[in-house]
Every structure is written in C-alpha cells, then in structure tokens.
Amino acid sequence: MSEGKVALITAGGSGMGAAAARKLAADGYRIAVLSSSGKGEALAKELGGVGVTGSNQSNNDLKRLVDLAMEQWGRIDALVNSAGHGPRAPILEISDEDWHKGMEVYFLSAVRPIRLVTPIMEVQGGGAIVNISTAWAFEPSPMFPTSAVARAGLASFTKIFADSYAAKNIRMNNVLPGWIDSLPATEERRDTVPMRRYGTSEEIAATIAFLLSEGAGYITGQNIRVDGGIARSV
C-alpha cells in the first residue's frame, strides 16, 4: 500500500492513463489527474482526488495541476505521463508542422511535467516517474511514424535523466505497450501477437504501479515492453 503518497497522471481521462489512475488510487495513492476532455477531472473526483481540465502541451495547465496537488497534499511522489495521438501518414508525406506536432504529443508532453515535479521530488528525497511509450519505439512501424520517432527520443531522454538523478533517489522508466484494448481491435493485428490477444489497460496500469513501487526501487532508465511478445530482443 502507498497510503499518503501522491501521484499525478497526465492525459488521464481515458484508456491507459485512466486505468493507471484507478489502480494507483486502489493502491492508496492520492490522485491528481490532467485531461483535456474533462473526464480526468471527473475521474479524479470519483477517486477522491483533484483534477484539472487542460492540455499536457501547456506549461500553464501542467503547473496548475502541480500547484493544486502541492496545495492539497504538499508533496508529489509519482508522475505518470500518458499522451494522446499524433499525426500519421506515409513517412515522406509528413510535413514539418506534423513532425513538430508529433514531438509535442509524444515527447514534450512528458518533458514538461518532468521539469516541474523533479525539483519537488529532489527536496522530498525521492520519487518515481513512468512514461507510457510504445512497443514500436525500437521496432518502428510505418503505421506510427511520429510516435516511434519521438518516443525513441523519449527513451534517450529517460536514460540521461536516470543517469543524472538516480543518486538523488528519483527513478524514471518507460512502459512500452503493444496492442491494447483502448485501441480498435482487428484480427490482423491480433494475429501479429504471439499471445494472440490484445493486452488490457489494466495490465498496463499494473506494470506502471509496480514500477512506481518500492519493489521496483532498483529499476531506473529502462524500457519495459508489455506487448504480448511482439518485440524480440537480440
């Protein structure tokens, strides 16, 4: 149990972000949720926490979330960065504007809240961060070009961060989901999965909860695949 600990979840109104919020609340965390739809604010209230309706592409909205959590509880122990969906097109048809948008959606949306919570965690003497990435960060697919490229960058960012802050007891890891039930299901996609099924948002949430827990206290700078066996390590 994590009674008294505080977790922030961005893009937490639905899907894997919402599942993470529910799991962490069940584990005893006090929850603060950001989402652009208003669903995150409603979910946070349902879970006895606080929420902000806003964008993880806005420093001001993210600061509102951090400030609200600090005003309410005076600490932040965990951060879960989820994201929406960026542009998709054949690789050479993606405009400069859409590449920049992909970086906003998949990379900077994580960097911004990390910048805000890290000094707080440093003063507290520790904390843990999990970014929801993608199984295709290292085995990129033409289906998700901006996601794969930006999240490969997020993996590099995570390792540099871990090297810089591990001695201060601040850990960061990425979860790499494959085909998850928050996405439309097709037989063709399911057949690419050795387990022959989609994963569930709850399975991703359980992995996130573990990585934030004391049991994962020696894990940092890693990319944890949760994909039913799609990715193959060499």
# chains A, B, ... in the order shown; residues from 1 in each chain; ligands from 1

$ residues_around --residues "stretch 116-118 of chain A" --least-positions-apart "5" --cutoff "8 Å" --atoms "only C-alpha atoms" --output "NGL selection string"
:A and (63 or 66 or 76 or 79 or 170)

$ select_by_dssp --residues "chain A" --states "helix (DSSP H, G or I)" --output "MDAnalysis selection string"
chainID A and resid 15:26 39:46 59:73 91:93 96:124 135:137 145:168 187:191 201:212 214:216

$ residues_around --residues "A:Ile120" --least-positions-apart "6" --cutoff "10 Å" --atoms "only C-alpha atoms" --output "VMD selection string"
chain A and resid 66 70 74 to 77 126 to 127

$ residues_around --residues "A:Ala21" --least-positions-apart "2" --cutoff "12 Å" --atoms "only C-alpha atoms" --output "NGL selection string"
:A and (6-19 or 23-35 or 39-51 or 78-82 or 201-202 or 204-206 or 208-209)

$ closest_residue --among "A:Trp179, A:Trp73, A:Phe210, A:Tyr198" --to "A:Ala135" --atoms "only C-alpha atoms"
A:Trp179

$ residues_around --residues "A:Tyr218" --least-positions-apart "3" --cutoff "12 Å" --atoms "only C-alpha atoms" --output "VMD selection string"
chain A and resid 128 162 166 to 167 169 to 173 210 to 215 221 to 222

$ write_last_selection --atoms "all heavy atoms" --output "short mmCIF file (atom, residue, chain, number, x, y, z; two decimals), in the first residue's frame"
data_model
loop_
_atom_site.label_atom_id
_atom_site.label_comp_id
_atom_site.auth_asym_id
_atom_site.auth_seq_id
_atom_site.Cartn_x
_atom_site.Cartn_y
_atom_site.Cartn_z
N ALA A 128 9.28 8.77 -8.23
CA ALA A 128 9.35 7.87 -9.38
C ALA A 128 8.45 8.38 -10.50
O ALA A 128 7.37 8.90 -10.24
CB ALA A 128 8.95 6.45 -8.99
N ALA A 162 17.83 9.38 -15.92
CA ALA A 162 18.15 8.39 -14.90
C ALA A 162 19.60 8.50 -14.44
O ALA A 162 19.90 8.43 -13.24
CB ALA A 162 17.86 6.99 -15.44
N ALA A 166 19.50 9.41 -10.51
CA ALA A 166 19.42 8.18 -9.73
C ALA A 166 20.01 8.35 -8.34
O ALA A 166 19.47 7.84 -7.34
CB ALA A 166 20.12 7.04 -10.46
N ALA A 167 21.12 9.08 -8.24
CA ALA A 167 21.77 9.28 -6.95
C ALA A 167 20.91 10.11 -6.00
O ALA A 167 21.13 10.10 -4.78
CB ALA A 167 23.13 9.94 -7.14
N ASN A 169 17.71 9.54 -5.76
CA ASN A 169 16.58 8.65 -5.49
C ASN A 169 15.34 9.01 -6.30
O ASN A 169 14.22 8.80 -5.86
CB ASN A 169 16.25 8.63 -3.99
CG ASN A 169 15.37 7.45 -3.61
OD1 ASN A 169 15.49 6.37 -4.18
ND2 ASN A 169 14.49 7.67 -2.66
N ILE A 170 15.55 9.55 -7.50
CA ILE A 170 14.44 9.81 -8.41
C ILE A 170 14.62 8.87 -9.60
O ILE A 170 15.63 8.93 -10.31
CB ILE A 170 14.42 11.28 -8.89
CG1 ILE A 170 14.36 12.22 -7.69
CG2 ILE A 170 13.21 11.51 -9.81
CD1 ILE A 170 14.49 13.69 -8.06
N ARG A 171 13.64 8.01 -9.79
CA ARG A 171 13.73 7.00 -10.84
C ARG A 171 12.78 7.34 -11.99
O ARG A 171 11.74 7.94 -11.80
CB ARG A 171 13.34 5.62 -10.29
CG ARG A 171 14.22 5.15 -9.15
CD ARG A 171 13.85 3.74 -8.69
NE ARG A 171 12.49 3.67 -8.15
CZ ARG A 171 11.46 3.14 -8.78
NH1 ARG A 171 11.59 2.60 -9.99
NH2 ARG A 171 10.26 3.12 -8.21
N MET A 172 13.16 6.94 -13.21
CA MET A 172 12.29 7.10 -14.37
C MET A 172 12.41 5.88 -15.28
O MET A 172 13.52 5.45 -15.59
CB MET A 172 12.63 8.36 -15.17
CG MET A 172 11.62 8.62 -16.29
SD MET A 172 12.15 9.88 -17.47
CE MET A 172 12.28 11.28 -16.40
N ASN A 173 11.26 5.37 -15.68
CA ASN A 173 11.20 4.25 -16.62
C ASN A 173 10.08 4.48 -17.63
O ASN A 173 9.15 5.26 -17.37
CB ASN A 173 10.95 2.94 -15.87
CG ASN A 173 12.11 2.56 -14.96
OD1 ASN A 173 13.17 2.17 -15.42
ND2 ASN A 173 11.90 2.71 -13.66
N PHE A 210 3.70 -1.21 -10.42
CA PHE A 210 4.90 -1.89 -9.96
C PHE A 210 6.12 -1.00 -10.09
O PHE A 210 6.94 -0.87 -9.17
CB PHE A 210 5.13 -3.20 -10.72
CG PHE A 210 6.50 -3.77 -10.50
CD1 PHE A 210 6.87 -4.27 -9.27
CD2 PHE A 210 7.44 -3.77 -11.53
CE1 PHE A 210 8.15 -4.77 -9.05
CE2 PHE A 210 8.71 -4.26 -11.33
CZ PHE A 210 9.08 -4.77 -10.08
N LEU A 211 6.28 -0.36 -11.25
CA LEU A 211 7.47 0.47 -11.48
C LEU A 211 7.52 1.67 -10.54
O LEU A 211 8.60 2.21 -10.27
CB LEU A 211 7.51 0.93 -12.94
CG LEU A 211 7.84 -0.17 -13.95
CD1 LEU A 211 7.64 0.34 -15.37
CD2 LEU A 211 9.26 -0.68 -13.76
N LEU A 212 6.38 2.11 -10.04
CA LEU A 212 6.36 3.21 -9.07
C LEU A 212 6.58 2.72 -7.64
O LEU A 212 6.83 3.53 -6.74
CB LEU A 212 5.02 3.94 -9.14
CG LEU A 212 4.72 4.69 -10.44
CD1 LEU A 212 3.30 5.24 -10.42
CD2 LEU A 212 5.72 5.82 -10.68
N SER A 213 6.50 1.42 -7.43
CA SER A 213 6.52 0.88 -6.07
C SER A 213 7.94 0.69 -5.54
O SER A 213 8.92 0.73 -6.29
CB SER A 213 5.80 -0.47 -6.05
OG SER A 213 6.62 -1.48 -6.67
N GLU A 214 8.01 0.46 -4.24
CA GLU A 214 9.30 0.20 -3.60
C GLU A 214 9.93 -1.09 -4.13
O GLU A 214 11.15 -1.23 -4.14
CB GLU A 214 9.13 0.13 -2.09
CG GLU A 214 8.75 1.47 -1.47
CD GLU A 214 8.61 1.39 0.04
OE1 GLU A 214 8.86 0.30 0.61
OE2 GLU A 214 8.24 2.41 0.65
N GLY A 215 9.09 -2.01 -4.58
CA GLY A 215 9.61 -3.26 -5.13
C GLY A 215 10.43 -3.07 -6.38
O GLY A 215 11.23 -3.93 -6.74
N GLY A 221 15.78 4.02 -15.70
CA GLY A 221 16.34 4.20 -17.03
C GLY A 221 15.97 3.10 -18.02
O GLY A 221 16.60 2.99 -19.07
N GLN A 222 14.92 2.33 -17.72
CA GLN A 222 14.60 1.15 -18.52
C GLN A 222 13.35 1.37 -19.38
O GLN A 222 12.52 2.23 -19.10
CB GLN A 222 14.38 -0.06 -17.61
CG GLN A 222 15.56 -0.37 -16.72
CD GLN A 222 16.85 -0.57 -17.50
OE1 GLN A 222 16.89 -1.37 -18.43
NE2 GLN A 222 17.90 0.15 -17.13
#

$ closest_atom_pairs --of "stretch 83-152 of chain A" --to "stretch 55-60 of chain A" --cutoff "8 Å" --atoms "only C-alpha atoms" --output "tab-separated table"
residue	atom	partner	partner_atom	distance
A:Ala83	CA	A:Asn56	CA	7.9
A:Glu104	CA	A:Gln57	CA	6.4
A:Val105	CA	A:Gln57	CA	7.1
A:Leu108	CA	A:Gln57	CA	7.2
A:Ser109	CA	A:Asn56	CA	5.2
A:Ala110	CA	A:Asn56	CA	7.8
A:Arg112	CA	A:Asn59	CA	6.5
A:Pro113	CA	A:Asn59	CA	7.8

$ atom_distance --atom1 "atom CA of A:Val130" --atom2 "atom CA of A:Gly178"
16.2 Å

$ closest_residue --among "A:Gly125, A:Glu203, A:Pro119, A:Gly86" --to "A:Ala148" --atoms "only C-alpha atoms"
A:Gly86

$ select_by_dssp --residues "stretch 15-160 of chain A" --states "strand (DSSP E)" --output "number ranges by chain"
A: 30-35, 50-53, 78-81, 127-132

$ closest_residue --among "A:Phe107, A:Phe144, A:Tyr165, A:Phe138" --to "A:Ala89" --atoms "only C-alpha atoms"
A:Phe144
